[in-house]
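Below is one structure, written out as structure tokens; the observations come after it.
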Amino acid sequence: MVINDRHLLRLIRNYVAYYHDDRSRLALDKATPANRPRQVRPAGSAEVIALPKLGGLHHRYEWRAAA
């Protein structure tokens, strides 16, 4: 729910950042327009963590080494 003009502008900026930095494209061989480097699995005990984006509407997944 949009509260005011400033809030709408912030929401649009967050979505544009997600669209360019986090969302992969098949046309780009599953890369992002911002050329985020592809992560390789660091170790056999590493696990995948979810990073919420856009208020939890979407997620970005990354490898994290087990502690």
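Labels for the structure tokens follow display order: chains A, B, ..., residues from 1 in each chain, ligands from 1.
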Would you list the contacts of Ser24 (chain A) as a tab-separated table (two decimals) with C-alpha atoms, in the first residue's frame, taking every protein, DNA or RNA residue within 12 Å and counting only C-alpha atoms, but skipping same-chain residues closer than 3 positions in sequence?
chain	number	residue	atom	x	y	z
A	18	TYR	CA	16.02	-5.71	-7.53
A	19	TYR	CA	15.28	-5.95	-11.26
A	20	HIS	CA	18.86	-5.06	-12.26
A	21	ASP	CA	20.91	-6.52	-9.40
A	27	ALA	CA	18.53	-14.30	-22.36
A	28	LEU	CA	21.71	-13.40	-20.42
A	29	ASP	CA	22.52	-17.05	-19.68
A	30	LYS	CA	21.03	-16.73	-16.18
A	31	ALA	CA	23.10	-13.65	-15.36
A	32	THR	CA	21.85	-10.28	-14.16
A	33	PRO	CA	22.08	-7.01	-16.12
A	34	ALA	CA	24.42	-5.70	-13.39
A	35	ASN	CA	26.71	-8.73	-13.96
A	36	ARG	CA	26.51	-10.04	-10.41
A	37	PRO	CA	29.14	-12.79	-10.20
A	38	ARG	CA	27.84	-16.35	-10.04
A	59	HIS	CA	14.20	-13.71	-2.49
A	60	ARG	CA	17.82	-13.90	-3.55
A	61	TYR	CA	19.62	-17.10	-2.63
All strand (DSSP E) positions in chain A, as a PyMOL selection string: chain A and resi 47-53+58-64
Let's have the selection written as a PDB file, in the first residue's frame, with C-alpha atoms.
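Once written, result_30.pdb looks like this:
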ATOM      1  CA  GLU A  47      23.978 -24.276   2.926  1.00  0.00           C
ATOM      2  CA  VAL A  48      21.707 -22.010   0.926  1.00  0.00           C
ATOM      3  CA  ILE A  49      20.213 -18.997   2.667  1.00  0.00           C
ATOM      4  CA  ALA A  50      17.354 -16.821   1.444  1.00  0.00           C
ATOM      5  CA  LEU A  51      17.727 -13.043   1.445  1.00  0.00           C
ATOM      6  CA  PRO A  52      14.323 -11.363   1.298  1.00  0.00           C
ATOM      7  CA  LYS A  53      13.890  -8.631  -1.300  1.00  0.00           C
ATOM      8  CA  HIS A  58      10.998 -12.086  -3.756  1.00  0.00           C
ATOM      9  CA  HIS A  59      14.195 -13.710  -2.493  1.00  0.00           C
ATOM     10  CA  ARG A  60      17.820 -13.897  -3.549  1.00  0.00           C
ATOM     11  CA  TYR A  61      19.623 -17.102  -2.627  1.00  0.00           C
ATOM     12  CA  GLU A  62      23.294 -17.353  -1.665  1.00  0.00           C
ATOM     13  CA  TRP A  63      25.675 -19.971  -0.375  1.00  0.00           C
ATOM     14  CA  ARG A  64      26.925 -19.654   3.198  1.00  0.00           C
TER      15      ARG A  64
END
CA of Ala17 (chain A) to CA of Leu54 (chain A), distance in Å rounded to a single decimal: 9.8 Å
DSSP alpha helix (DSSP H) selection over chain A, as a list in words: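 Of chain A, only Asp5, Arg6, His7, Leu8, Leu9, Arg10, Leu11, Ile12, Arg13, Asn14, Tyr15, Val16, Ala17, Tyr18, Tyr19, His20 and Asp21 of chain A fall in alpha helix (DSSP H).
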Selected residue of minimal separation from Arg41 (chain A) among A:Leu57, A:Met1, A:Leu26, A:Ala65, counting only C-alpha atoms: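 Answer, going by the shortest atom-to-atom distance: A:Ala65.
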Atomic separation - CA of Tyr15 (chain A) relative to CA of Ala46 (chain A), Å: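 These two atoms are separated by 29.2 Å.
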